[in-house]
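Peer 1: Have a look at this one before I ask anything.
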Amino acid sequence: KYQDNVAVIEISNFNQDTATGFTKVVDEVLAKKDIKGIILDLRNDPGGYLDRSISVASEWIGENVVVAERRQGQIVDEYRGVRKARLNTVPTVVLVNEGSASASEIVAGALQDYGVAKIVGMKTFGKGSVQDYSEFNDKSAVKITIAEWLTPKGRSINKTGIEPDIVVDRTAEDYHADRDPQLDKAIELLTGKKAPTPAPQAKAESKTPAATSTK
């Protein structure tokens, strides 16, 4: 969707169709004139496929390192972007919150490290580990963390999360009132327009019932 000539792109999870769908959206955005920026909404995105997150991040950082894998204190692999950076000159804000995890944190962390986007919202979940799952004959199982994901600058995501550049909360009261201060802040950063301050709700006057007497 578009708001004030800003493209708002929401990714709810990084599934099999994400890369293809995102490429089509980017084609559409780049074909439009007078686009002031992009808002990438990763709030409540629990993650998904690593390669899909790499594909999405590539649109901003090209073939640079998106994420690194560390095992026993050593970097064992670096995963690079897979396409040209078509959006690296487009002003971008990424929205995150406590529900943003795993693949969404990889994208947010990479764009933040390369300085191609501002991160707005709340600190992310902090799920950045590689786990090995083993089952035994007695039907018991064990899950062991064998590696962790690092941002391009070497920041650990696991149990740490991604700290936003600008902290903005969206409270339960905001949800019920259909307000989105995080989105409003992102639009302000890209357009310079502040969202109008909502008018205070009038309080109903309470009337004290007249006293009655019984005889």
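In the structure tokens, chains take letters A, B, ... by order of appearance, with residues numbered from 1 within each chain and ligands from 1 in the order shown.
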Which neighbours of stretch 111-117 of chain A fall inside 9 Å, counting only C-alpha atoms, when residues of the same chain fewer than 6 positions from it are skipped, and could you give them as a PyMOL selection string?

Peer 2: chain A and resi 57+60-61+66+87-94+151-153+164-165

Peer 1: Excluding A:Ile187 and residues on its chain fewer than 5 positions from it, collect all residues at most 8 Å away from it, counting only C-alpha atoms, and give them as number ranges by chain.

Peer 2: A: 4, 6, 39, 192-194

Peer 1: With N, CA, C and O atoms retained, could you export that selection as a PDB file, in the first residue's frame?

Peer 2:
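And here's again-v2.pdb as it stands now:
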```pdb
ATOM      1  N   ASP A   4       1.054   8.832   1.549  1.00  0.00           N
ATOM      2  CA  ASP A   4       1.871  10.045   1.381  1.00  0.00           C
ATOM      3  C   ASP A   4       3.079   9.786   0.479  1.00  0.00           C
ATOM      4  O   ASP A   4       4.197  10.220   0.774  1.00  0.00           O
ATOM      5  N   VAL A   6       4.677   7.130   0.101  1.00  0.00           N
ATOM      6  CA  VAL A   6       5.589   6.186   0.737  1.00  0.00           C
ATOM      7  C   VAL A   6       5.019   4.779   0.558  1.00  0.00           C
ATOM      8  O   VAL A   6       3.839   4.547   0.822  1.00  0.00           O
ATOM      9  N   ILE A  39       8.689   1.885   3.687  1.00  0.00           N
ATOM     10  CA  ILE A  39       8.570   1.386   5.050  1.00  0.00           C
ATOM     11  C   ILE A  39       8.450  -0.131   4.963  1.00  0.00           C
ATOM     12  O   ILE A  39       7.500  -0.642   4.364  1.00  0.00           O
ATOM     13  N   GLY A 192       8.604  14.150   6.511  1.00  0.00           N
ATOM     14  CA  GLY A 192       8.651  15.370   7.304  1.00  0.00           C
ATOM     15  C   GLY A 192       7.308  15.770   7.870  1.00  0.00           C
ATOM     16  O   GLY A 192       7.183  16.782   8.559  1.00  0.00           O
ATOM     17  N   LYS A 193       6.280  14.951   7.594  1.00  0.00           N
ATOM     18  CA  LYS A 193       4.928  15.271   8.072  1.00  0.00           C
ATOM     19  C   LYS A 193       4.637  14.533   9.371  1.00  0.00           C
ATOM     20  O   LYS A 193       4.758  13.310   9.434  1.00  0.00           O
ATOM     21  N   LYS A 194       4.255  15.288  10.391  1.00  0.00           N
ATOM     22  CA  LYS A 194       3.863  14.679  11.649  1.00  0.00           C
ATOM     23  C   LYS A 194       2.388  14.306  11.607  1.00  0.00           C
ATOM     24  O   LYS A 194       1.577  15.030  11.037  1.00  0.00           O
TER      25      LYS A 194
END
```

Peer 1: Can you tell me, as a ChimeraX atom specification, what residues are no more than 7 Å from stretch 143-148 of chain A when counting only C-alpha atoms, ignoring any on the same chain fewer than 5 positions away?

Peer 2: /A:69-71,128-134,158

Peer 1: So that I can check the surroundings of A:Met122, please list as an mmCIF file with all heavy atoms, in the first residue's frame every protein, DNA and RNA residue that reaches within 8 Å of it, counting only C-alpha atoms and ignoring chain neighbours fewer than 3 positions away.

Peer 2:
```cif
data_model
loop_
_atom_site.group_PDB
_atom_site.id
_atom_site.type_symbol
_atom_site.label_atom_id
_atom_site.label_comp_id
_atom_site.auth_asym_id
_atom_site.auth_seq_id
_atom_site.Cartn_x
_atom_site.Cartn_y
_atom_site.Cartn_z
ATOM 1 N N VAL A 96 9.954 -2.686 13.580
ATOM 2 C CA VAL A 96 10.120 -3.947 14.304
ATOM 3 C C VAL A 96 9.476 -3.823 15.683
ATOM 4 O O VAL A 96 9.229 -2.722 16.177
ATOM 5 C CB VAL A 96 11.610 -4.318 14.480
ATOM 6 C CG1 VAL A 96 12.286 -4.561 13.138
ATOM 7 C CG2 VAL A 96 12.367 -3.236 15.267
ATOM 8 N N ASN A 97 9.217 -4.978 16.295
ATOM 9 C CA ASN A 97 8.738 -4.993 17.675
ATOM 10 C C ASN A 97 9.174 -6.293 18.341
ATOM 11 O O ASN A 97 9.989 -7.042 17.781
ATOM 12 C CB ASN A 97 7.215 -4.794 17.742
ATOM 13 C CG ASN A 97 6.438 -5.922 17.082
ATOM 14 O OD1 ASN A 97 7.005 -6.934 16.651
ATOM 15 N ND2 ASN A 97 5.130 -5.757 17.000
ATOM 16 N N GLU A 98 8.618 -6.555 19.519
ATOM 17 C CA GLU A 98 9.015 -7.737 20.284
ATOM 18 C C GLU A 98 8.670 -9.041 19.567
ATOM 19 O O GLU A 98 9.198 -10.096 19.897
ATOM 20 C CB GLU A 98 8.354 -7.714 21.661
ATOM 21 C CG GLU A 98 8.653 -6.472 22.483
ATOM 22 C CD GLU A 98 7.639 -5.348 22.268
ATOM 23 O OE1 GLU A 98 7.038 -5.282 21.174
ATOM 24 O OE2 GLU A 98 7.449 -4.544 23.204
ATOM 25 N N GLU A 163 18.298 -3.577 18.553
ATOM 26 C CA GLU A 163 17.834 -2.344 19.187
ATOM 27 C C GLU A 163 17.447 -1.342 18.098
ATOM 28 O O GLU A 163 18.237 -1.081 17.189
ATOM 29 C CB GLU A 163 18.932 -1.748 20.063
ATOM 30 C CG GLU A 163 19.269 -2.560 21.299
ATOM 31 C CD GLU A 163 18.293 -2.334 22.435
ATOM 32 O OE1 GLU A 163 17.360 -1.524 22.254
ATOM 33 O OE2 GLU A 163 18.472 -2.963 23.486
ATOM 34 N N PRO A 164 16.259 -0.775 18.155
ATOM 35 C CA PRO A 164 15.872 0.216 17.146
ATOM 36 C C PRO A 164 16.677 1.494 17.278
ATOM 37 O O PRO A 164 17.155 1.838 18.361
ATOM 38 C CB PRO A 164 14.385 0.455 17.443
ATOM 39 C CG PRO A 164 14.212 0.076 18.873
ATOM 40 C CD PRO A 164 15.194 -1.028 19.134
ATOM 41 N N VAL A 167 13.194 4.463 19.375
ATOM 42 C CA VAL A 167 12.267 3.633 20.142
ATOM 43 C C VAL A 167 10.882 4.281 20.155
ATOM 44 O O VAL A 167 10.734 5.429 20.583
ATOM 45 C CB VAL A 167 12.764 3.439 21.586
ATOM 46 C CG1 VAL A 167 11.739 2.655 22.403
ATOM 47 C CG2 VAL A 167 14.109 2.722 21.589
ATOM 48 N N VAL A 168 9.903 3.545 19.656
ATOM 49 C CA VAL A 168 8.506 3.996 19.673
ATOM 50 C C VAL A 168 7.647 2.784 20.017
ATOM 51 O O VAL A 168 7.735 1.750 19.354
ATOM 52 C CB VAL A 168 8.060 4.568 18.309
ATOM 53 C CG1 VAL A 168 6.609 5.042 18.393
ATOM 54 C CG2 VAL A 168 8.966 5.702 17.873
ATOM 55 N N ASP A 169 6.834 2.918 21.024
ATOM 56 C CA ASP A 169 5.976 1.811 21.428
ATOM 57 C C ASP A 169 4.601 1.949 20.772
ATOM 58 O O ASP A 169 4.193 3.040 20.369
ATOM 59 C CB ASP A 169 5.824 1.800 22.951
ATOM 60 C CG ASP A 169 5.285 0.476 23.473
ATOM 61 O OD1 ASP A 169 5.113 -0.466 22.664
ATOM 62 O OD2 ASP A 169 5.053 0.383 24.692
#
```

Peer 1: So what do you get for atom CA of A:Ala31 versus atom CA of A:Leu190, distance-wise?

Peer 2: 18.8 Å

Peer 1: Output as an MDAnalysis selection string all residues of stretch 4-114 of chain A that backbone DSSP marks as alpha helix (DSSP H).

Peer 2: chainID A and resid 18:31 50:61 103:113

Peer 1: Output N, CA and C atoms of each residue in that selection to a file, as a compact mmCIF listing (two decimals), in the first residue's frame.

Peer 2:
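Written out: again.txt:
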```txt
# COMPACT_ATOMS: atom_id res chain seq x y z
N THR A 18 8.00 -15.62 -0.48
CA THR A 18 8.40 -14.26 -0.09
C THR A 18 9.32 -13.61 -1.12
N ALA A 19 10.35 -14.32 -1.55
CA ALA A 19 11.34 -13.73 -2.46
C ALA A 19 10.69 -13.30 -3.77
N THR A 20 9.87 -14.19 -4.36
CA THR A 20 9.21 -13.87 -5.63
C THR A 20 8.25 -12.70 -5.47
N GLY A 21 7.44 -12.76 -4.42
CA GLY A 21 6.48 -11.70 -4.18
C GLY A 21 7.14 -10.37 -3.91
N PHE A 22 8.24 -10.39 -3.14
CA PHE A 22 8.92 -9.15 -2.81
C PHE A 22 9.57 -8.54 -4.05
N THR A 23 10.12 -9.35 -4.92
CA THR A 23 10.72 -8.85 -6.16
C THR A 23 9.69 -8.12 -7.00
N LYS A 24 8.48 -8.66 -7.08
CA LYS A 24 7.41 -8.01 -7.85
C LYS A 24 7.03 -6.68 -7.24
N VAL A 25 6.98 -6.63 -5.91
CA VAL A 25 6.63 -5.38 -5.23
C VAL A 25 7.70 -4.32 -5.48
N VAL A 26 8.97 -4.73 -5.42
CA VAL A 26 10.07 -3.79 -5.67
C VAL A 26 9.99 -3.26 -7.10
N ASP A 27 9.70 -4.13 -8.07
CA ASP A 27 9.54 -3.70 -9.46
C ASP A 27 8.46 -2.62 -9.56
N GLU A 28 7.37 -2.84 -8.86
CA GLU A 28 6.25 -1.89 -8.89
C GLU A 28 6.64 -0.56 -8.25
N VAL A 29 7.34 -0.63 -7.12
CA VAL A 29 7.76 0.59 -6.42
C VAL A 29 8.71 1.42 -7.29
N LEU A 30 9.68 0.75 -7.90
CA LEU A 30 10.67 1.46 -8.71
C LEU A 30 10.06 2.04 -9.98
N ALA A 31 8.93 1.50 -10.40
CA ALA A 31 8.28 2.01 -11.61
C ALA A 31 7.46 3.26 -11.33
N LEU A 50 15.95 -18.84 5.83
CA LEU A 50 17.12 -17.96 5.81
C LEU A 50 17.36 -17.39 4.42
N ASP A 51 17.26 -18.23 3.39
CA ASP A 51 17.57 -17.75 2.03
C ASP A 51 16.59 -16.68 1.56
N ARG A 52 15.34 -16.73 2.07
CA ARG A 52 14.37 -15.70 1.69
C ARG A 52 14.73 -14.36 2.33
N SER A 53 15.22 -14.41 3.57
CA SER A 53 15.63 -13.16 4.22
C SER A 53 16.85 -12.57 3.54
N ILE A 54 17.74 -13.41 3.08
CA ILE A 54 18.93 -12.94 2.35
C ILE A 54 18.52 -12.28 1.05
N SER A 55 17.55 -12.88 0.35
CA SER A 55 17.07 -12.31 -0.90
C SER A 55 16.47 -10.93 -0.69
N VAL A 56 15.67 -10.78 0.36
CA VAL A 56 15.04 -9.49 0.65
C VAL A 56 16.11 -8.45 1.00
N ALA A 57 17.03 -8.79 1.89
CA ALA A 57 18.08 -7.84 2.29
C ALA A 57 18.95 -7.43 1.10
N SER A 58 19.11 -8.32 0.14
CA SER A 58 19.94 -8.03 -1.03
C SER A 58 19.46 -6.80 -1.80
N GLU A 59 18.16 -6.54 -1.76
CA GLU A 59 17.63 -5.39 -2.50
C GLU A 59 18.20 -4.07 -1.99
N TRP A 60 18.70 -4.07 -0.77
CA TRP A 60 19.32 -2.87 -0.21
C TRP A 60 20.84 -2.95 -0.16
N ILE A 61 21.38 -4.13 0.11
CA ILE A 61 22.84 -4.21 0.35
C ILE A 61 23.59 -4.97 -0.73
N ALA A 103 14.57 -14.58 11.03
CA ALA A 103 14.87 -14.04 9.71
C ALA A 103 14.57 -12.55 9.62
N SER A 104 13.53 -12.09 10.31
CA SER A 104 13.22 -10.66 10.27
C SER A 104 14.30 -9.86 10.99
N GLU A 105 14.89 -10.43 12.04
CA GLU A 105 15.99 -9.77 12.74
C GLU A 105 17.25 -9.74 11.89
N ILE A 106 17.46 -10.77 11.10
CA ILE A 106 18.61 -10.81 10.19
C ILE A 106 18.52 -9.66 9.18
N VAL A 107 17.33 -9.45 8.61
CA VAL A 107 17.14 -8.37 7.65
C VAL A 107 17.32 -7.01 8.32
N ALA A 108 16.65 -6.81 9.45
CA ALA A 108 16.74 -5.53 10.15
C ALA A 108 18.17 -5.23 10.56
N GLY A 109 18.87 -6.23 11.09
CA GLY A 109 20.24 -6.03 11.53
C GLY A 109 21.18 -5.69 10.40
N ALA A 110 21.00 -6.34 9.25
CA ALA A 110 21.86 -6.07 8.10
C ALA A 110 21.64 -4.66 7.56
N LEU A 111 20.38 -4.27 7.41
CA LEU A 111 20.09 -2.93 6.88
C LEU A 111 20.57 -1.85 7.85
N GLN A 112 20.48 -2.13 9.14
CA GLN A 112 20.97 -1.18 10.14
C GLN A 112 22.49 -1.07 10.10
N ASP A 113 23.18 -2.20 9.99
CA ASP A 113 24.64 -2.18 9.97
C ASP A 113 25.20 -1.42 8.78
```

Peer 1: Select from stretch 85-159 of chain A everything DSSP, run on the backbone, classes as strand (DSSP E), then give the selection as a short mmCIF file (atom, residue, chain, number, x, y, z; two decimals) with N, CA, C and O atoms, in the first residue's frame.

Peer 2:
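This is the output file part.cif:
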```cif
data_model
loop_
_atom_site.label_atom_id
_atom_site.label_comp_id
_atom_site.auth_asym_id
_atom_site.auth_seq_id
_atom_site.Cartn_x
_atom_site.Cartn_y
_atom_site.Cartn_z
N THR A 92 14.67 4.46 3.56
CA THR A 92 13.94 3.31 4.08
C THR A 92 13.87 3.33 5.60
O THR A 92 14.84 3.68 6.26
N VAL A 93 12.71 2.96 6.11
CA VAL A 93 12.52 2.75 7.55
C VAL A 93 12.00 1.33 7.74
O VAL A 93 11.11 0.89 7.02
N VAL A 94 12.57 0.62 8.70
CA VAL A 94 12.13 -0.73 9.03
C VAL A 94 11.41 -0.69 10.37
O VAL A 94 11.95 -0.17 11.36
N LEU A 95 10.20 -1.23 10.41
CA LEU A 95 9.44 -1.30 11.65
C LEU A 95 9.61 -2.67 12.29
O LEU A 95 9.45 -3.70 11.62
N VAL A 96 9.95 -2.69 13.58
CA VAL A 96 10.12 -3.95 14.30
C VAL A 96 9.48 -3.82 15.68
O VAL A 96 9.23 -2.72 16.18
N LYS A 118 16.67 3.17 8.71
CA LYS A 118 16.48 3.46 10.12
C LYS A 118 15.53 2.42 10.69
O LYS A 118 14.53 2.06 10.06
N ILE A 119 15.83 1.94 11.89
CA ILE A 119 14.98 0.96 12.53
C ILE A 119 14.13 1.68 13.57
O ILE A 119 14.66 2.39 14.43
N VAL A 120 12.82 1.49 13.49
CA VAL A 120 11.88 2.17 14.38
C VAL A 120 11.00 1.13 15.06
O VAL A 120 10.56 0.16 14.42
N GLY A 121 10.72 1.33 16.33
CA GLY A 121 9.82 0.43 17.04
C GLY A 121 10.38 0.03 18.39
O GLY A 121 10.89 0.86 19.13
N SER A 129 19.70 -18.30 16.71
CA SER A 129 20.53 -19.49 16.92
C SER A 129 20.25 -20.56 15.88
O SER A 129 19.18 -20.59 15.27
N VAL A 130 21.23 -21.43 15.69
CA VAL A 130 21.10 -22.60 14.83
C VAL A 130 21.03 -23.81 15.76
O VAL A 130 21.93 -24.02 16.57
N GLN A 131 19.97 -24.58 15.66
CA GLN A 131 19.77 -25.68 16.60
C GLN A 131 19.75 -27.03 15.90
O GLN A 131 19.27 -27.15 14.78
N ASP A 132 20.27 -28.03 16.63
CA ASP A 132 20.26 -29.41 16.15
C ASP A 132 19.25 -30.20 16.97
O ASP A 132 19.30 -30.18 18.21
N TYR A 133 18.34 -30.86 16.28
CA TYR A 133 17.27 -31.61 16.96
C TYR A 133 17.50 -33.11 16.74
O TYR A 133 17.60 -33.57 15.60
N SER A 134 17.58 -33.85 17.85
CA SER A 134 17.82 -35.30 17.75
C SER A 134 16.76 -36.06 18.54
O SER A 134 16.42 -35.69 19.67
N GLU A 135 16.25 -37.14 17.93
CA GLU A 135 15.30 -38.02 18.61
C GLU A 135 15.95 -39.35 18.93
O GLU A 135 16.82 -39.82 18.19
N ALA A 141 13.69 -36.59 23.06
CA ALA A 141 14.41 -35.78 22.08
C ALA A 141 15.18 -34.68 22.80
O ALA A 141 14.90 -34.34 23.95
N VAL A 142 16.18 -34.16 22.09
CA VAL A 142 16.96 -33.07 22.65
C VAL A 142 17.26 -32.06 21.55
O VAL A 142 17.49 -32.43 20.40
N LYS A 143 17.20 -30.78 21.92
CA LYS A 143 17.49 -29.70 20.98
C LYS A 143 18.70 -28.94 21.52
O LYS A 143 18.66 -28.42 22.63
N ILE A 144 19.78 -28.90 20.74
CA ILE A 144 21.02 -28.28 21.18
C ILE A 144 21.38 -27.12 20.27
O ILE A 144 21.35 -27.26 19.04
N THR A 145 21.71 -25.99 20.86
CA THR A 145 22.17 -24.84 20.08
C THR A 145 23.61 -25.08 19.66
O THR A 145 24.49 -25.27 20.50
N ILE A 146 23.85 -25.09 18.35
CA ILE A 146 25.18 -25.40 17.84
C ILE A 146 25.86 -24.19 17.19
O ILE A 146 27.06 -24.22 16.93
N ALA A 147 25.08 -23.15 16.93
CA ALA A 147 25.67 -21.96 16.30
C ALA A 147 24.75 -20.78 16.53
O ALA A 147 23.62 -20.92 17.00
N GLU A 148 25.24 -19.58 16.22
CA GLU A 148 24.44 -18.38 16.35
C GLU A 148 24.66 -17.47 15.15
O GLU A 148 25.71 -17.52 14.50
N TRP A 149 23.66 -16.64 14.88
CA TRP A 149 23.73 -15.69 13.77
C TRP A 149 24.29 -14.36 14.25
O TRP A 149 23.94 -13.88 15.32
N LEU A 150 25.14 -13.76 13.42
CA LEU A 150 25.71 -12.45 13.69
C LEU A 150 25.35 -11.49 12.56
O LEU A 150 25.30 -11.89 11.39
#
```

Peer 1: Any idea what the distance is between atom CA of A:Arg43 and atom CA of A:Asp174?

Peer 2: 15.0 Å

Peer 1: Of the residues A:Asp184, A:Asp178, A:Glu78, A:Asp41, which is the one nearest to A:Glu10, using only C-alpha atoms?

Peer 2: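 Going through A:Asp184, A:Asp178, A:Glu78, A:Asp41 one by one, the smallest distance to A:Glu10 is for A:Asp41.
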
Peer 1: Ranking A:Lys139, A:Lys185, A:Arg83, A:Lys159 by minimum distance to A:Thr124 and counting only C-alpha atoms, which one comes first?

Peer 2: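 Among the listed residues, A:Lys159 lies closest to A:Thr124.
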
Peer 1: For A:Pro46, find every residue with an atom within 8 Å (counting only C-alpha atoms), except residues of its own chain fewer than 5 positions away, and show them as JSON, numbers by chain.

Peer 2: {"A": [12, 13, 99, 100, 101, 102, 103, 104]}

Peer 1: Give me, please, the distance in Å between atom CA of A:Ser156 and atom CA of A:Val65, quoted to one decimal.

Peer 2: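 A separation of 14.6 Å between them.
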